[in-house]
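One file, work-v2.txt, carrying compact mmCIF, C-alpha atoms and all ligand atoms:
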```
# COMPACT_ATOMS: atom_id res chain seq x y z
CA MET V 8 6.45 -15.99 28.80
CA LYS V 9 9.94 -14.79 29.72
CA PHE V 10 11.60 -12.24 27.47
CA ASP V 11 13.36 -8.93 27.65
CA ILE V 12 13.45 -6.08 25.18
CA ARG V 13 16.96 -4.86 24.43
CA PRO V 14 18.92 -3.04 21.72
CA THR V 15 19.57 -5.15 18.62
CA SER V 16 23.12 -6.34 18.06
CA GLU V 17 24.98 -7.60 15.00
CA GLU V 18 24.42 -11.20 16.20
CA ASP V 19 20.63 -10.81 16.04
CA ILE V 20 20.47 -9.83 12.37
CA ARG V 21 20.43 -13.33 10.90
CA ALA V 22 17.45 -14.39 13.05
CA ILE V 23 15.65 -11.11 12.33
CA VAL V 24 16.02 -11.61 8.57
CA GLU V 25 14.60 -15.16 8.88
CA ILE V 26 11.55 -13.90 10.77
CA GLU V 27 11.16 -10.96 8.39
CA ASN V 28 11.22 -13.20 5.31
CA VAL V 29 8.37 -15.38 6.53
CA SER V 30 6.34 -12.42 7.82
CA PHE V 31 6.15 -9.84 5.03
CA PRO V 32 5.30 -9.94 1.31
CA ALA V 33 8.03 -7.32 0.70
CA PRO V 34 10.60 -8.00 3.43
CA TRP V 35 13.41 -5.66 4.44
CA THR V 36 16.84 -6.81 3.34
CA GLU V 37 19.71 -7.77 5.61
CA ALA V 38 21.48 -4.57 4.52
CA SER V 39 18.56 -2.40 5.59
CA PHE V 40 18.54 -3.99 9.05
CA ARG V 41 22.31 -3.57 9.34
CA HIS V 42 21.93 0.09 8.50
CA GLU V 43 19.51 0.53 11.39
CA LEU V 44 22.13 -0.68 13.89
CA THR V 45 23.97 2.63 13.54
CA ASN V 46 21.14 4.94 12.52
CA PRO V 47 21.14 7.69 15.15
CA LYS V 48 17.39 8.34 14.66
CA ALA V 49 16.45 4.70 15.20
CA PHE V 50 15.40 2.71 18.23
CA PHE V 51 15.93 -0.79 16.87
CA ARG V 52 15.21 -3.38 19.53
CA VAL V 53 14.53 -7.09 19.88
CA ALA V 54 12.51 -9.16 22.31
CA GLY V 55 14.98 -11.82 23.41
CA GLY V 56 13.87 -15.08 25.01
CA GLU V 57 15.73 -18.06 26.45
CA ASN V 58 19.37 -18.12 25.33
CA ASP V 59 18.80 -14.73 23.70
CA GLU V 60 16.62 -16.26 20.96
CA VAL V 61 15.03 -13.47 18.88
CA LEU V 62 11.25 -13.63 19.37
CA GLY V 63 10.38 -10.33 17.74
CA TYR V 64 11.69 -6.85 16.96
CA TYR V 65 10.75 -3.28 16.15
CA ASP V 66 12.33 -0.25 14.55
CA ILE V 67 11.07 3.26 15.25
CA TRP V 68 12.62 6.53 14.10
CA VAL V 69 12.31 9.64 16.20
CA TYR V 70 13.09 13.14 14.93
CA ALA V 71 11.62 16.64 15.12
CA GLY V 72 9.16 15.60 17.80
CA GLU V 73 7.72 12.79 15.66
CA GLY V 74 8.04 9.05 15.82
CA HIS V 75 7.65 6.83 12.78
CA LEU V 76 7.16 3.15 13.43
CA LEU V 77 8.80 1.47 10.45
CA ASN V 78 8.74 -2.16 11.48
CA ILE V 79 7.29 -4.36 14.19
CA CYS V 80 7.20 -8.12 13.94
CA VAL V 81 6.86 -11.23 16.09
CA ALA V 82 8.09 -14.69 15.02
CA PRO V 83 5.07 -16.68 13.76
CA GLU V 84 5.36 -19.36 16.46
CA HIS V 85 5.33 -16.72 19.23
CA ARG V 86 2.35 -14.65 18.11
CA ARG V 87 -0.77 -14.12 20.24
CA LYS V 88 1.21 -14.28 23.48
CA GLY V 89 1.39 -10.53 24.14
CA LEU V 90 4.76 -9.88 22.52
CA GLY V 91 3.34 -7.51 19.93
CA LYS V 92 1.81 -5.40 22.70
CA ALA V 93 5.04 -5.44 24.71
CA LEU V 94 7.09 -4.38 21.67
CA LEU V 95 4.65 -1.62 20.75
CA GLU V 96 4.55 -0.28 24.33
CA ASN V 97 8.34 -0.28 24.43
CA ALA V 98 8.53 1.54 21.08
CA LEU V 99 6.04 4.19 22.20
CA ALA V 100 7.91 4.71 25.46
CA ALA V 101 11.23 5.03 23.60
CA ALA V 102 9.72 7.57 21.21
CA GLN V 103 8.16 9.58 23.99
CA GLY V 104 11.40 9.49 25.96
CA ALA V 105 13.18 10.93 22.92
CA GLY V 106 10.72 13.81 22.66
CA ALA V 107 8.08 12.49 20.25
CA ARG V 108 4.58 13.86 20.82
CA GLU V 109 3.05 11.88 17.97
CA VAL V 110 3.78 8.61 16.19
CA TYR V 111 2.93 7.73 12.58
CA LEU V 112 2.85 4.35 10.89
CA GLU V 113 1.68 2.71 7.68
CA VAL V 114 -0.09 -0.63 7.53
CA ARG V 115 -1.63 -2.74 4.79
CA PRO V 116 -5.45 -2.68 4.80
CA SER V 117 -5.31 -6.50 4.66
CA ASN V 118 -3.32 -6.73 7.92
CA ASN V 119 -6.09 -7.19 10.47
CA ALA V 120 -3.80 -8.38 13.24
CA ALA V 121 -1.66 -5.25 13.11
CA ILE V 122 -4.62 -2.90 12.64
CA ASN V 123 -6.31 -4.37 15.74
CA LEU V 124 -3.10 -3.98 17.71
CA TYR V 125 -2.62 -0.33 16.69
CA GLU V 126 -6.23 0.63 17.29
CA LYS V 127 -6.04 -0.94 20.74
CA TYR V 128 -3.32 1.59 21.56
CA GLY V 129 -5.31 4.56 20.31
CA PHE V 130 -3.88 4.98 16.81
CA VAL V 131 -6.38 6.68 14.51
CA ARG V 132 -6.64 6.29 10.76
CA LEU V 133 -5.66 9.47 8.91
CA GLY V 134 -6.02 8.29 5.33
CA VAL V 135 -4.72 6.12 2.55
CA ARG V 136 -1.39 6.25 0.73
CA LYS V 137 -2.16 4.88 -2.73
CA ARG V 138 0.10 2.06 -4.01
CA TYR V 139 2.52 2.68 -1.13
CA TYR V 140 4.02 -0.81 -1.08
CA ARG V 141 6.34 -2.22 -3.73
CA ASP V 142 3.75 -4.83 -4.75
CA GLY V 143 1.16 -2.10 -5.37
CA GLU V 144 -0.97 -2.47 -2.22
CA ASP V 145 -2.20 0.74 -0.61
CA ALA V 146 -1.16 1.70 2.90
CA LEU V 147 -3.36 3.05 5.66
CA LEU V 148 -1.70 5.93 7.50
CA TYR V 149 -2.22 5.93 11.25
CA LEU V 150 -1.38 8.52 13.91
CA LEU V 151 -1.15 8.38 17.67
CA VAL V 152 -1.01 11.66 19.56
CA MET V 153 0.54 10.99 22.93
CA SER V 154 -0.68 12.69 26.05
CA GLU V 155 1.80 14.59 28.24
CA GLU V 156 1.39 12.34 31.27
CA GLU V 157 2.01 8.99 29.47
C1 LIG Z 201 0.98 -7.70 14.26
C2 LIG Z 201 1.85 -8.59 15.18
C3 LIG Z 201 3.16 -7.84 15.47
C4 LIG Z 201 1.10 -8.80 16.50
O1 LIG Z 201 1.95 -9.52 17.37
P1 LIG Z 201 1.42 -10.54 18.50
O2 LIG Z 201 2.56 -10.86 19.39
O3 LIG Z 201 0.71 -11.66 17.88
O4 LIG Z 201 0.38 -9.58 19.23
P2 LIG Z 201 -0.22 -9.74 20.72
O5 LIG Z 201 -0.26 -11.18 21.13
O6 LIG Z 201 0.48 -8.79 21.62
O7 LIG Z 201 -1.72 -9.24 20.45
C5 LIG Z 201 -2.05 -7.88 20.58
C6 LIG Z 201 -3.37 -7.58 19.91
O8 LIG Z 201 -3.20 -7.57 18.49
C7 LIG Z 201 -4.40 -8.05 17.87
N1 LIG Z 201 -4.09 -9.27 17.13
C8 LIG Z 201 -2.92 -9.96 17.13
N2 LIG Z 201 -3.00 -11.01 16.28
C9 LIG Z 201 -4.23 -10.97 15.73
C10 LIG Z 201 -4.90 -11.77 14.77
N3 LIG Z 201 -4.29 -12.84 14.21
N4 LIG Z 201 -6.15 -11.43 14.40
C11 LIG Z 201 -6.77 -10.36 14.94
N5 LIG Z 201 -6.19 -9.56 15.88
C12 LIG Z 201 -4.94 -9.87 16.26
C13 LIG Z 201 -5.39 -8.32 18.97
O9 LIG Z 201 -6.12 -7.12 19.18
C14 LIG Z 201 -4.47 -8.60 20.14
O10 LIG Z 201 -5.05 -8.36 21.37
P3 LIG Z 201 -5.80 -9.59 22.14
O11 LIG Z 201 -4.79 -10.71 22.19
O12 LIG Z 201 -6.10 -8.99 23.46
O13 LIG Z 201 -6.97 -9.92 21.30
C15 LIG Z 201 2.11 -9.98 14.54
O14 LIG Z 201 0.88 -10.50 14.07
C16 LIG Z 201 3.11 -9.98 13.41
O15 LIG Z 201 4.32 -10.02 13.62
N6 LIG Z 201 2.63 -9.95 12.16
C17 LIG Z 201 3.51 -10.00 10.98
C18 LIG Z 201 4.29 -8.73 10.85
C19 LIG Z 201 3.40 -7.53 10.69
O16 LIG Z 201 2.39 -7.55 9.97
N7 LIG Z 201 3.75 -6.41 11.35
C20 LIG Z 201 3.02 -5.17 11.29
C21 LIG Z 201 3.41 -4.40 10.09
S1 LIG Z 201 2.49 -2.89 9.90
```
When written as structure tokens, how does the structure in this file appear?
Ligand SMILES: CC(C)(COP(=O)(O)OP(=O)(O)OC[C@H]1O[C@@H](n2cnc3c(N)ncnc32)[C@H](O)[C@@H]1OP(=O)(O)O)[C@@H](O)C(=O)NCCC(=O)NCCS
Amino acid sequence: MKFDIRPTSEEDIRAIVEIENVSFPAPWTEASFRHELTNPKAFFRVAGGENDEVLGYYDIWVYAGEGHLLNICVAPEHRRKGLGKALLENALAAAQGAGAREVYLEVRPSNNAAINLYEKYGFVRLGVRKRYYRDGEDALLYLLVMSEEE
């Protein structure tokens, strides 16, 4: 499948919000995505396909030697084609390039697809954040410590 991962632009936001709304029980708002366009801590990127169609996206913050993966998502019709892996690899490389030595993320215990993806890349479960999500679900906290040579 042909795609490239590039910085998100203003024109991508509408498609991102559509994918977000069908992907998460408590989706980010358009305003929160717009804010990320100019957030200096954020690497906010999309996987663009034919005619620049948005296939997926991620948002990772990097500061003080730490990365925090805040969002990663693939459009439902393009899942299970390796895009999630490509986005995660790109996010980890961006974080490491910006000086992160470790990356944190939260994930719902019910989200098997994402948990499998993260564990495949060496993320380890640190614990539970009780009632972390707006709808009351707990979050699992995961950490990846990156090796120097990656
Ligand atoms: C999680 C998500 C990003 C994975 O994207 P994807 O493009 O389907 O992932 P890939 O095709 O690269 O698959 C990578 C690995 O993830 C795991 N995985 C992906 N979908 C899965 C599923 N439905 N069930 C179990 N494992 C799954 C597998 O380990 C897979 O490796 P494999 O194909 O070798 O078995 C996608 O399911 C998604 O966007 N979900 C909704 C948004 C979301 O929950 N984001 C994470 C928030 S914490």
Could you give me, as a CSV table (one decimal) with C-alpha atoms, keeping the file's coordinate frame, every polymer residue with an atom at most 7 Å away from an atom of ligand LIG 201 (chain Z), counting all atoms listed in the file?
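Writing done, so here's part.csv:
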```
chain,number,residue,atom,x,y,z
V,30,SER,CA,6.3,-12.4,7.8
V,31,PHE,CA,6.2,-9.8,5.0
V,78,ASN,CA,8.7,-2.2,11.5
V,79,ILE,CA,7.3,-4.4,14.2
V,80,CYS,CA,7.2,-8.1,13.9
V,81,VAL,CA,6.9,-11.2,16.1
V,82,ALA,CA,8.1,-14.7,15.0
V,83,PRO,CA,5.1,-16.7,13.8
V,85,HIS,CA,5.3,-16.7,19.2
V,86,ARG,CA,2.4,-14.6,18.1
V,87,ARG,CA,-0.8,-14.1,20.2
V,88,LYS,CA,1.2,-14.3,23.5
V,89,GLY,CA,1.4,-10.5,24.1
V,90,LEU,CA,4.8,-9.9,22.5
V,91,GLY,CA,3.3,-7.5,19.9
V,92,LYS,CA,1.8,-5.4,22.7
V,93,ALA,CA,5.0,-5.4,24.7
V,113,GLU,CA,1.7,2.7,7.7
V,114,VAL,CA,-0.1,-0.6,7.5
V,115,ARG,CA,-1.6,-2.7,4.8
V,118,ASN,CA,-3.3,-6.7,7.9
V,119,ASN,CA,-6.1,-7.2,10.5
V,120,ALA,CA,-3.8,-8.4,13.2
V,121,ALA,CA,-1.7,-5.2,13.1
V,123,ASN,CA,-6.3,-4.4,15.7
V,124,LEU,CA,-3.1,-4.0,17.7
V,127,LYS,CA,-6.0,-0.9,20.7
```
* Asked: Can you list, as a list in words, every protein, DNA or RNA residue that comes within 9 Å of V:Ile20 when you count all atoms listed in the file, leaving out same-chain residues fewer than 3 positions away?
  ->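 Residues meeting the cut-off are Thr15, Ser16, Glu17, Ile23, Val24, Glu25, Glu37, Phe40 and Arg41 of chain V.
Separating atom CA of V:Ala102 from atom CA of V:Gly74 is a distance of 5.8 Å.
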* Structure fact -> Judged by all atoms listed in the file, the minimum distance to V:Gln103 among V:Phe10, V:Tyr149, V:Tyr128, V:Tyr70 is found for V:Tyr70
* **Straight-line distance linking atom CA of V:Arg108 with atom CA of V:Glu155, stated in Å to one decimal** =>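 Straight-line distance from atom CA of V:Arg108 to atom CA of V:Glu155 works out to 8.0 Å.
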* **V:Pro116 environment, 10 Å, all atoms listed in the file, sequence neighbours closer than 4 positions dropped, as a ChimeraX atom specification** => /V:121-122,135,144-148
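Our summary of the geometry notes that atom CA of V:Ala107 is positioned 7.5 Å from atom CA of V:Ala71.
Using all atoms listed in the file for every distance, the candidate list V:Gly63, V:Pro34, V:Gly143, V:Gly134 yields V:Gly63 as the residue closest to V:Arg13.
The nearest approach to V:Val53 among the residues V:Leu77, V:Ala33, V:Val69, V:Ile12, with all atoms listed in the file taken into account, belongs to V:Ile12.
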* V:Lys48, V:His42, V:Leu62, V:Ala105: which is nearest V:Glu27, counting only C-alpha atoms? ->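 Closest to V:Glu27 of all the choices is V:Leu62.
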* For V:Tyr125, which of V:Glu60, V:Glu96, V:Asp142, V:Glu109 is the closest residue, counting only C-alpha atoms? ->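 Of all the options, V:Glu96 lies closest to V:Tyr125.
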* Using all atoms listed in the file, which of V:Gly55, V:Gly72, V:Pro32, V:Gly106 sits nearest V:Asp11? ->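 The shortest atom-to-atom distance to V:Asp11 comes from V:Gly55.
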* To do: For V:Ala49, work out the shell of residues within 10 Å, counting only C-alpha atoms and skipping chain neighbours fewer than 2 positions away, then give it as JSON, numbers by chain.
  => {"V": [42, 43, 44, 45, 46, 47, 51, 52, 65, 66, 67, 68, 69, 70, 74, 75, 76, 77, 101, 102]}
Taking the partial coordinates given, rebuild stretch 18-29 of chain V to contain all heavy atoms; return it as an mmCIF file, in the frame of the given file.
```cif
data_model
loop_
_atom_site.group_PDB
_atom_site.id
_atom_site.type_symbol
_atom_site.label_atom_id
_atom_site.label_comp_id
_atom_site.auth_asym_id
_atom_site.auth_seq_id
_atom_site.Cartn_x
_atom_site.Cartn_y
_atom_site.Cartn_z
ATOM 1 N N GLU V 18 24.700 -9.753 16.110
ATOM 2 C CA GLU V 18 24.420 -11.200 16.200
ATOM 3 C C GLU V 18 22.943 -11.532 16.002
ATOM 4 O O GLU V 18 22.594 -12.687 15.740
ATOM 5 C CB GLU V 18 24.858 -11.774 17.559
ATOM 6 C CG GLU V 18 26.347 -11.781 17.832
ATOM 7 C CD GLU V 18 26.906 -10.390 18.073
ATOM 8 O OE1 GLU V 18 26.305 -9.644 18.882
ATOM 9 O OE2 GLU V 18 27.928 -10.030 17.443
ATOM 10 N N ASP V 19 22.065 -10.552 16.169
ATOM 11 C CA ASP V 19 20.630 -10.810 16.040
ATOM 12 C C ASP V 19 20.152 -10.753 14.591
ATOM 13 O O ASP V 19 19.033 -11.210 14.285
ATOM 14 C CB ASP V 19 19.819 -9.748 16.815
ATOM 15 C CG ASP V 19 20.119 -9.751 18.304
ATOM 16 O OD1 ASP V 19 20.198 -10.843 18.882
ATOM 17 O OD2 ASP V 19 20.262 -8.654 18.882
ATOM 18 N N ILE V 20 20.966 -10.176 13.713
ATOM 19 C CA ILE V 20 20.470 -9.830 12.370
ATOM 20 C C ILE V 20 20.021 -11.072 11.580
ATOM 21 O O ILE V 20 18.968 -11.057 10.945
ATOM 22 C CB ILE V 20 21.528 -9.026 11.572
ATOM 23 C CG1 ILE V 20 21.832 -7.705 12.274
ATOM 24 C CG2 ILE V 20 21.081 -8.807 10.124
ATOM 25 C CD1 ILE V 20 20.723 -6.674 12.237
ATOM 26 N N ARG V 21 20.790 -12.135 11.673
ATOM 27 C CA ARG V 21 20.430 -13.330 10.900
ATOM 28 C C ARG V 21 19.021 -13.830 11.277
ATOM 29 O O ARG V 21 18.195 -14.127 10.412
ATOM 30 C CB ARG V 21 21.460 -14.439 11.156
ATOM 31 C CG ARG V 21 21.192 -15.702 10.369
ATOM 32 C CD ARG V 21 22.070 -16.817 10.884
ATOM 33 N NE ARG V 21 23.459 -16.617 10.517
ATOM 34 C CZ ARG V 21 24.059 -17.280 9.526
ATOM 35 N NH1 ARG V 21 23.400 -18.181 8.854
ATOM 36 N NH2 ARG V 21 25.314 -17.050 9.229
ATOM 37 N N ALA V 22 18.767 -13.909 12.585
ATOM 38 C CA ALA V 22 17.450 -14.390 13.050
ATOM 39 C C ALA V 22 16.347 -13.408 12.648
ATOM 40 O O ALA V 22 15.241 -13.822 12.266
ATOM 41 C CB ALA V 22 17.473 -14.564 14.567
ATOM 42 N N ILE V 23 16.644 -12.119 12.717
ATOM 43 C CA ILE V 23 15.650 -11.110 12.330
ATOM 44 C C ILE V 23 15.281 -11.282 10.859
ATOM 45 O O ILE V 23 14.100 -11.269 10.497
ATOM 46 C CB ILE V 23 16.206 -9.692 12.611
ATOM 47 C CG1 ILE V 23 16.235 -9.432 14.119
ATOM 48 C CG2 ILE V 23 15.388 -8.623 11.883
ATOM 49 C CD1 ILE V 23 16.913 -8.132 14.529
ATOM 50 N N VAL V 24 16.283 -11.470 10.021
ATOM 51 C CA VAL V 24 16.020 -11.610 8.570
ATOM 52 C C VAL V 24 15.167 -12.864 8.319
ATOM 53 O O VAL V 24 14.242 -12.837 7.496
ATOM 54 C CB VAL V 24 17.346 -11.649 7.778
ATOM 55 C CG1 VAL V 24 17.116 -12.041 6.331
ATOM 56 C CG2 VAL V 24 18.038 -10.291 7.857
ATOM 57 N N GLU V 25 15.422 -13.933 9.051
ATOM 58 C CA GLU V 25 14.600 -15.160 8.880
ATOM 59 C C GLU V 25 13.145 -14.890 9.230
ATOM 60 O O GLU V 25 12.232 -15.300 8.515
ATOM 61 C CB GLU V 25 15.144 -16.287 9.746
ATOM 62 C CG GLU V 25 16.290 -17.007 9.069
ATOM 63 C CD GLU V 25 16.915 -18.085 9.952
ATOM 64 O OE1 GLU V 25 16.240 -18.566 10.880
ATOM 65 O OE2 GLU V 25 18.090 -18.407 9.694
ATOM 66 N N ILE V 26 12.928 -14.202 10.344
ATOM 67 C CA ILE V 26 11.550 -13.900 10.770
ATOM 68 C C ILE V 26 10.903 -12.949 9.758
ATOM 69 O O ILE V 26 9.749 -13.133 9.350
ATOM 70 C CB ILE V 26 11.534 -13.287 12.193
ATOM 71 C CG1 ILE V 26 12.087 -14.285 13.216
ATOM 72 C CG2 ILE V 26 10.134 -12.823 12.573
ATOM 73 C CD1 ILE V 26 12.363 -13.694 14.594
ATOM 74 N N GLU V 27 11.665 -11.947 9.360
ATOM 75 C CA GLU V 27 11.160 -10.960 8.390
ATOM 76 C C GLU V 27 10.692 -11.638 7.094
ATOM 77 O O GLU V 27 9.626 -11.337 6.569
ATOM 78 C CB GLU V 27 12.296 -9.962 8.100
ATOM 79 C CG GLU V 27 11.984 -8.903 7.062
ATOM 80 C CD GLU V 27 11.213 -7.693 7.592
ATOM 81 O OE1 GLU V 27 10.985 -7.590 8.818
ATOM 82 O OE2 GLU V 27 10.834 -6.858 6.755
ATOM 83 N N ASN V 28 11.516 -12.564 6.601
ATOM 84 C CA ASN V 28 11.220 -13.200 5.310
ATOM 85 C C ASN V 28 9.944 -14.033 5.324
ATOM 86 O O ASN V 28 9.291 -14.168 4.296
ATOM 87 C CB ASN V 28 12.392 -14.067 4.854
ATOM 88 C CG ASN V 28 13.535 -13.227 4.333
ATOM 89 O OD1 ASN V 28 13.346 -12.073 3.945
ATOM 90 N ND2 ASN V 28 14.740 -13.780 4.336
ATOM 91 N N VAL V 29 9.608 -14.582 6.486
ATOM 92 C CA VAL V 29 8.370 -15.380 6.530
ATOM 93 C C VAL V 29 7.175 -14.533 6.987
ATOM 94 O O VAL V 29 6.073 -15.046 7.094
ATOM 95 C CB VAL V 29 8.505 -16.634 7.437
ATOM 96 C CG1 VAL V 29 9.523 -17.596 6.856
ATOM 97 C CG2 VAL V 29 8.831 -16.266 8.875
#
```
